[in-house]
Amino acid sequence: MEKIGILFNPSAGKGKAQQSKERLEKLLLQHEVDYELFITQSEDDLRRQAREKTATYRIIAGAGGDSTFNIIINETKKKGAEIILGMIGLGSSNDITKEFEIDSLEKACAALKRRMIKRIDLGCLVQDNKILGYFLGQASLGLGVLVNKYVEDLAQRKPKMGKIQTLAGALGIIDSYSSKKIPIPLTVESEKRRDEGRYVVAVFNNMRYWATGRRVTPRALVDDGRLDCCLIKDCSLARFSRLVFLSARGKHTRAKEVDTLQSPYFEVSSEKAFEIQADGEIVGGAQTPSQFNKIVFKIIPKALDIIC
């Protein structure tokens, strides 16, 4: 069997990934996975290595969080390389590995040994008919961006609190409401309809999960040629908290504040500039996020091979 190049991101999971390195290597050995491990030193180094390893490895596995997989996909696509992606979930959320039922080290290593390949769809962001980037899991506006930025800032100021994902996320939601950064006015046009209003969050998903295991788009399939959208209209913090609770089982979709849609594309526009978060990465970077007034979220059918 050909060797797998594994890019290990020790900073994933707010630094908790490093604690799993020894156990990961033991499991890889137990499952007789033929691999070479490369430890990345920074995000820039991860990007560089993702590009460079395509010259040697057809199968590249990320050992990190959702954003690690996002970076690998974007860098290899940018280079024009076609890889088979392996995934070892060591992040804070691990929504992507949860979707493919490889959300433990044991399951991930067994999958790398088994090498069952699945061809799936890939989401992308399009502006002026140009692809700006790709996402494997989801892209979101509103709370998806605000909570991401809050958690990253909290992890810098108070590392211990930042590592407690549920607590950090809850504090981020409270901060977003108290600072009145939401709702945001949006117009969302899809294949069959047009929606307009003020929204707390808009999620454009290639799979079911978002925000650490919330089944926000329970009908989503990774190979149906469609994106699934969840729009949550302006509502109180108490009501939103209830919807978050219901979303753990996908029951929020019955609420009057929630619309779920399916379409090959969604064109989103607003008179107020907005930012975008995709698979844990702020588009343009957390320090200098890109501002948009119009963007298209689009699905590319059967665009990526993964091991699951």
# chains A, B, ... in the order shown; residues from 1 in each chain; ligands from 1

$ closest_atom_pairs --of "stretch 30-127 of chain A" --to "stretch 200-204 of chain A" --cutoff "12 Å" --atoms "only C-alpha atoms" --output "JSON lines"
{"residue": "A:Leu122", "atom": "CA", "partner": "A:Phe204", "partner_atom": "CA", "distance": 11.8}
{"residue": "A:Gly123", "atom": "CA", "partner": "A:Phe204", "partner_atom": "CA", "distance": 8.8}
{"residue": "A:Cys124", "atom": "CA", "partner": "A:Phe204", "partner_atom": "CA", "distance": 10.3}
{"residue": "A:Leu125", "atom": "CA", "partner": "A:Phe204", "partner_atom": "CA", "distance": 10.5}

$ residues_around --residues "A:Met116" --least-positions-apart "6" --cutoff "10 Å" --atoms "only C-alpha atoms" --output "list in words"
Asp305, Ile306, Ile307 and Cys308 of chain A

$ write_last_selection --atoms "N, CA and C atoms" --output "compact mmCIF listing (two decimals), in the first residue's frame"
# COMPACT_ATOMS: atom_id res chain seq x y z
N ASP A 305 -12.27 13.33 -3.12
CA ASP A 305 -12.20 11.96 -2.61
C ASP A 305 -11.71 12.00 -1.18
N ILE A 306 -12.42 11.32 -0.30
CA ILE A 306 -12.00 11.24 1.10
C ILE A 306 -11.91 9.78 1.53
N ILE A 307 -11.19 9.54 2.62
CA ILE A 307 -11.14 8.22 3.25
C ILE A 307 -12.05 8.25 4.46
N CYS A 308 -12.99 7.29 4.52
CA CYS A 308 -13.91 7.28 5.65
C CYS A 308 -14.28 5.82 6.00

$ residues_around --residues "A:Ile71" --least-positions-apart "5" --cutoff "8 Å" --atoms "only C-alpha atoms" --output "number ranges by chain"
A: 46-47, 50

$ select_by_dssp --residues "stretch 43-99 of chain A" --states "alpha helix (DSSP H)" --output "JSON, numbers by chain"
{"A": [43, 44, 45, 46, 47, 48, 49, 50, 51, 52, 66, 67, 68, 69, 70, 71, 72, 73, 74, 75, 76, 77, 78, 79, 95, 96, 97, 98, 99]}

$ residues_around --residues "stretch 127-135 of chain A" --least-positions-apart "4" --cutoff "8 Å" --atoms "only C-alpha atoms" --output "PyMOL selection string"
chain A and resi 70+73-74+122-123+139+278-279+294-296

$ atom_distance --atom1 "atom CA of A:Ile84" --atom2 "atom CA of A:Val283"
24.0 Å

$ atom_distance --atom1 "atom CA of A:Gln287" --atom2 "atom CA of A:Val145"
12.6 Å

$ residues_around --residues "stretch 214-224 of chain A" --least-positions-apart "4" --cutoff "6 Å" --atoms "only C-alpha atoms" --output "list in words"
Ile120, Asp121, Asn206, Met207, Arg208, Tyr209, Trp210, Asp228, Ser247, Ala248 and Gly250 of chain A

$ closest_residue --among "A:Phe245, A:Phe8, A:Phe38, A:Phe297" --to "A:Gly65" --atoms "only C-alpha atoms"
A:Phe8

$ decode --residues "stretch 63-213 of chain A" --atoms "C-alpha atoms" --output "PDB file, in the first residue's frame"
ATOM      1  CA  ALA A  63      -4.537  15.474  12.026  1.00  0.00           C
ATOM      2  CA  GLY A  64      -6.279  18.475  13.504  1.00  0.00           C
ATOM      3  CA  GLY A  65      -9.623  20.229  13.504  1.00  0.00           C
ATOM      4  CA  ASP A  66     -12.107  21.217  10.815  1.00  0.00           C
ATOM      5  CA  SER A  67      -9.984  24.244   9.916  1.00  0.00           C
ATOM      6  CA  THR A  68      -6.968  21.966   9.362  1.00  0.00           C
ATOM      7  CA  PHE A  69      -8.910  19.994   6.748  1.00  0.00           C
ATOM      8  CA  ASN A  70     -10.147  23.266   5.237  1.00  0.00           C
ATOM      9  CA  ILE A  71      -6.598  24.567   4.838  1.00  0.00           C
ATOM     10  CA  ILE A  72      -5.364  21.347   3.250  1.00  0.00           C
ATOM     11  CA  ILE A  73      -8.228  21.331   0.751  1.00  0.00           C
ATOM     12  CA  ASN A  74      -7.791  24.977  -0.185  1.00  0.00           C
ATOM     13  CA  GLU A  75      -4.026  24.792  -0.584  1.00  0.00           C
ATOM     14  CA  THR A  76      -4.072  21.615  -2.665  1.00  0.00           C
ATOM     15  CA  LYS A  77      -6.928  22.901  -4.842  1.00  0.00           C
ATOM     16  CA  LYS A  78      -5.078  26.175  -5.304  1.00  0.00           C
ATOM     17  CA  LYS A  79      -2.120  24.207  -6.603  1.00  0.00           C
ATOM     18  CA  GLY A  80      -4.374  22.184  -8.886  1.00  0.00           C
ATOM     19  CA  ALA A  81      -3.495  18.890  -7.193  1.00  0.00           C
ATOM     20  CA  GLU A  82      -6.033  16.084  -6.849  1.00  0.00           C
ATOM     21  CA  ILE A  83      -5.529  14.325  -3.520  1.00  0.00           C
ATOM     22  CA  ILE A  84      -7.366  11.775  -1.426  1.00  0.00           C
ATOM     23  CA  LEU A  85      -8.061  13.378   1.932  1.00  0.00           C
ATOM     24  CA  GLY A  86      -7.767  11.501   5.209  1.00  0.00           C
ATOM     25  CA  MET A  87      -9.073  13.047   8.436  1.00  0.00           C
ATOM     26  CA  ILE A  88      -8.035  12.583  12.056  1.00  0.00           C
ATOM     27  CA  GLY A  89     -10.215  14.774  14.265  1.00  0.00           C
ATOM     28  CA  LEU A  90      -8.213  16.538  16.968  1.00  0.00           C
ATOM     29  CA  GLY A  91     -10.059  19.850  16.968  1.00  0.00           C
ATOM     30  CA  SER A  92     -12.468  21.657  19.228  1.00  0.00           C
ATOM     31  CA  SER A  93     -15.609  20.813  17.252  1.00  0.00           C
ATOM     32  CA  ASN A  94     -14.817  17.860  14.948  1.00  0.00           C
ATOM     33  CA  ASP A  95     -18.120  18.268  13.113  1.00  0.00           C
ATOM     34  CA  ILE A  96     -16.650  16.972   9.853  1.00  0.00           C
ATOM     35  CA  THR A  97     -15.287  13.729  11.284  1.00  0.00           C
ATOM     36  CA  LYS A  98     -18.566  13.262  13.162  1.00  0.00           C
ATOM     37  CA  GLU A  99     -20.432  13.378   9.845  1.00  0.00           C
ATOM     38  CA  PHE A 100     -18.332  10.501   8.506  1.00  0.00           C
ATOM     39  CA  GLU A 101     -18.408   8.532  11.786  1.00  0.00           C
ATOM     40  CA  ILE A 102     -14.643   8.698  12.259  1.00  0.00           C
ATOM     41  CA  ASP A 103     -14.808  11.037  15.258  1.00  0.00           C
ATOM     42  CA  SER A 104     -12.403   9.100  17.477  1.00  0.00           C
ATOM     43  CA  LEU A 105      -8.719   8.284  17.063  1.00  0.00           C
ATOM     44  CA  GLU A 106      -9.542   4.591  16.932  1.00  0.00           C
ATOM     45  CA  LYS A 107     -12.103   5.029  14.137  1.00  0.00           C
ATOM     46  CA  ALA A 108      -9.894   7.434  12.190  1.00  0.00           C
ATOM     47  CA  CYS A 109      -6.894   5.096  12.258  1.00  0.00           C
ATOM     48  CA  ALA A 110      -9.049   2.114  11.303  1.00  0.00           C
ATOM     49  CA  ALA A 111     -10.360   4.119   8.330  1.00  0.00           C
ATOM     50  CA  LEU A 112      -6.828   4.951   7.192  1.00  0.00           C
ATOM     51  CA  LYS A 113      -5.981   1.257   7.285  1.00  0.00           C
ATOM     52  CA  ARG A 114      -9.206   0.275   5.494  1.00  0.00           C
ATOM     53  CA  ARG A 115      -8.851   3.038   2.873  1.00  0.00           C
ATOM     54  CA  MET A 116     -12.470   3.062   1.800  1.00  0.00           C
ATOM     55  CA  ILE A 117     -12.744   6.000  -0.599  1.00  0.00           C
ATOM     56  CA  LYS A 118     -15.896   8.094  -0.929  1.00  0.00           C
ATOM     57  CA  ARG A 119     -16.371  10.835  -3.504  1.00  0.00           C
ATOM     58  CA  ILE A 120     -18.249  13.800  -2.054  1.00  0.00           C
ATOM     59  CA  ASP A 121     -19.393  17.291  -2.950  1.00  0.00           C
ATOM     60  CA  LEU A 122     -17.417  20.376  -2.056  1.00  0.00           C
ATOM     61  CA  GLY A 123     -18.772  23.812  -1.237  1.00  0.00           C
ATOM     62  CA  CYS A 124     -17.191  26.973  -2.561  1.00  0.00           C
ATOM     63  CA  LEU A 125     -17.465  30.753  -2.214  1.00  0.00           C
ATOM     64  CA  VAL A 126     -17.881  32.620  -5.488  1.00  0.00           C
ATOM     65  CA  GLN A 127     -17.564  36.348  -6.103  1.00  0.00           C
ATOM     66  CA  ASP A 128     -17.783  37.883  -9.573  1.00  0.00           C
ATOM     67  CA  ASN A 129     -17.678  34.371 -11.077  1.00  0.00           C
ATOM     68  CA  LYS A 130     -14.357  33.666  -9.324  1.00  0.00           C
ATOM     69  CA  ILE A 131     -13.914  30.954  -6.691  1.00  0.00           C
ATOM     70  CA  LEU A 132     -12.492  32.553  -3.541  1.00  0.00           C
ATOM     71  CA  GLY A 133     -12.201  29.352  -1.544  1.00  0.00           C
ATOM     72  CA  TYR A 134     -13.654  25.952  -0.704  1.00  0.00           C
ATOM     73  CA  PHE A 135     -15.335  24.389   2.299  1.00  0.00           C
ATOM     74  CA  LEU A 136     -15.882  20.739   3.104  1.00  0.00           C
ATOM     75  CA  GLY A 137     -18.417  21.238   5.892  1.00  0.00           C
ATOM     76  CA  GLN A 138     -20.093  24.613   6.264  1.00  0.00           C
ATOM     77  CA  ALA A 139     -19.925  28.350   5.786  1.00  0.00           C
ATOM     78  CA  SER A 140     -21.895  30.789   7.912  1.00  0.00           C
ATOM     79  CA  LEU A 141     -22.700  34.426   8.590  1.00  0.00           C
ATOM     80  CA  GLY A 142     -23.778  36.225  11.731  1.00  0.00           C
ATOM     81  CA  LEU A 143     -23.224  34.223  14.910  1.00  0.00           C
ATOM     82  CA  GLY A 144     -21.033  31.728  13.062  1.00  0.00           C
ATOM     83  CA  VAL A 145     -18.446  34.474  12.581  1.00  0.00           C
ATOM     84  CA  LEU A 146     -18.948  36.362  15.823  1.00  0.00           C
ATOM     85  CA  VAL A 147     -18.676  33.319  18.097  1.00  0.00           C
ATOM     86  CA  ASN A 148     -15.613  32.059  16.204  1.00  0.00           C
ATOM     87  CA  LYS A 149     -13.833  35.399  16.720  1.00  0.00           C
ATOM     88  CA  TYR A 150     -14.903  35.611  20.370  1.00  0.00           C
ATOM     89  CA  VAL A 151     -13.652  32.094  21.166  1.00  0.00           C
ATOM     90  CA  GLU A 152     -10.302  32.747  19.468  1.00  0.00           C
ATOM     91  CA  ASP A 153      -9.882  35.980  21.430  1.00  0.00           C
ATOM     92  CA  LEU A 154     -10.886  34.274  24.678  1.00  0.00           C
ATOM     93  CA  ALA A 155      -8.338  31.513  24.046  1.00  0.00           C
ATOM     94  CA  GLN A 156      -5.640  34.176  23.773  1.00  0.00           C
ATOM     95  CA  ARG A 157      -6.692  36.026  26.927  1.00  0.00           C
ATOM     96  CA  LYS A 158      -7.769  33.071  29.068  1.00  0.00           C
ATOM     97  CA  PRO A 159      -6.389  29.836  27.560  1.00  0.00           C
ATOM     98  CA  LYS A 160      -8.081  27.508  30.067  1.00  0.00           C
ATOM     99  CA  MET A 161     -11.536  28.954  29.416  1.00  0.00           C
ATOM    100  CA  GLY A 162     -10.922  29.003  25.665  1.00  0.00           C
ATOM    101  CA  LYS A 163     -10.366  25.248  25.676  1.00  0.00           C
ATOM    102  CA  ILE A 164     -13.829  24.597  27.133  1.00  0.00           C
ATOM    103  CA  GLN A 165     -15.672  24.768  23.815  1.00  0.00           C
ATOM    104  CA  THR A 166     -19.251  24.732  25.120  1.00  0.00           C
ATOM    105  CA  LEU A 167     -18.612  27.466  27.696  1.00  0.00           C
ATOM    106  CA  ALA A 168     -16.617  29.620  25.285  1.00  0.00           C
ATOM    107  CA  GLY A 169     -19.317  29.307  22.631  1.00  0.00           C
ATOM    108  CA  ALA A 170     -22.086  30.226  25.083  1.00  0.00           C
ATOM    109  CA  LEU A 171     -20.164  33.317  26.200  1.00  0.00           C
ATOM    110  CA  GLY A 172     -19.664  34.241  22.556  1.00  0.00           C
ATOM    111  CA  ILE A 173     -23.406  34.063  21.893  1.00  0.00           C
ATOM    112  CA  ILE A 174     -24.171  36.217  24.943  1.00  0.00           C
ATOM    113  CA  ASP A 175     -21.561  38.776  23.862  1.00  0.00           C
ATOM    114  CA  SER A 176     -22.974  38.926  20.327  1.00  0.00           C
ATOM    115  CA  TYR A 177     -26.460  39.653  21.654  1.00  0.00           C
ATOM    116  CA  SER A 178     -25.383  42.157  24.311  1.00  0.00           C
ATOM    117  CA  SER A 179     -23.222  44.098  21.850  1.00  0.00           C
ATOM    118  CA  LYS A 180     -26.145  44.173  19.371  1.00  0.00           C
ATOM    119  CA  LYS A 181     -23.994  42.825  16.523  1.00  0.00           C
ATOM    120  CA  ILE A 182     -26.923  40.687  15.449  1.00  0.00           C
ATOM    121  CA  PRO A 183     -29.305  40.343  13.707  1.00  0.00           C
ATOM    122  CA  ILE A 184     -27.981  41.192  10.247  1.00  0.00           C
ATOM    123  CA  PRO A 185     -30.140  42.129   7.224  1.00  0.00           C
ATOM    124  CA  LEU A 186     -29.831  39.573   4.417  1.00  0.00           C
ATOM    125  CA  THR A 187     -31.380  38.706   1.106  1.00  0.00           C
ATOM    126  CA  VAL A 188     -30.944  35.020   0.232  1.00  0.00           C
ATOM    127  CA  GLU A 189     -31.764  33.888  -3.298  1.00  0.00           C
ATOM    128  CA  SER A 190     -31.738  30.199  -4.222  1.00  0.00           C
ATOM    129  CA  GLU A 191     -32.890  27.971  -7.051  1.00  0.00           C
ATOM    130  CA  LYS A 192     -36.601  28.281  -6.283  1.00  0.00           C
ATOM    131  CA  ARG A 193     -37.141  31.169  -3.863  1.00  0.00           C
ATOM    132  CA  ARG A 194     -36.026  34.456  -2.380  1.00  0.00           C
ATOM    133  CA  ASP A 195     -35.874  35.131   1.355  1.00  0.00           C
ATOM    134  CA  GLU A 196     -35.344  38.532   2.924  1.00  0.00           C
ATOM    135  CA  GLY A 197     -35.155  39.554   6.553  1.00  0.00           C
ATOM    136  CA  ARG A 198     -33.024  40.078   9.641  1.00  0.00           C
ATOM    137  CA  TYR A 199     -31.195  36.975  10.754  1.00  0.00           C
ATOM    138  CA  VAL A 200     -29.245  35.862  13.807  1.00  0.00           C
ATOM    139  CA  VAL A 201     -27.371  33.271  11.771  1.00  0.00           C
ATOM    140  CA  ALA A 202     -27.278  31.849   8.266  1.00  0.00           C
ATOM    141  CA  VAL A 203     -25.577  28.486   7.741  1.00  0.00           C
ATOM    142  CA  PHE A 204     -24.786  26.988   4.331  1.00  0.00           C
ATOM    143  CA  ASN A 205     -23.956  23.357   4.940  1.00  0.00           C
ATOM    144  CA  ASN A 206     -22.645  20.411   2.944  1.00  0.00           C
ATOM    145  CA  MET A 207     -23.411  18.065   5.844  1.00  0.00           C
ATOM    146  CA  ARG A 208     -25.626  17.773   8.886  1.00  0.00           C
ATOM    147  CA  TYR A 209     -23.492  19.134  11.720  1.00  0.00           C
ATOM    148  CA  TRP A 210     -22.422  22.595  12.821  1.00  0.00           C
ATOM    149  CA  ALA A 211     -21.264  24.268  16.038  1.00  0.00           C
ATOM    150  CA  THR A 212     -19.947  21.190  17.851  1.00  0.00           C
ATOM    151  CA  GLY A 213     -22.446  18.508  16.960  1.00  0.00           C
TER     152      GLY A 213
END
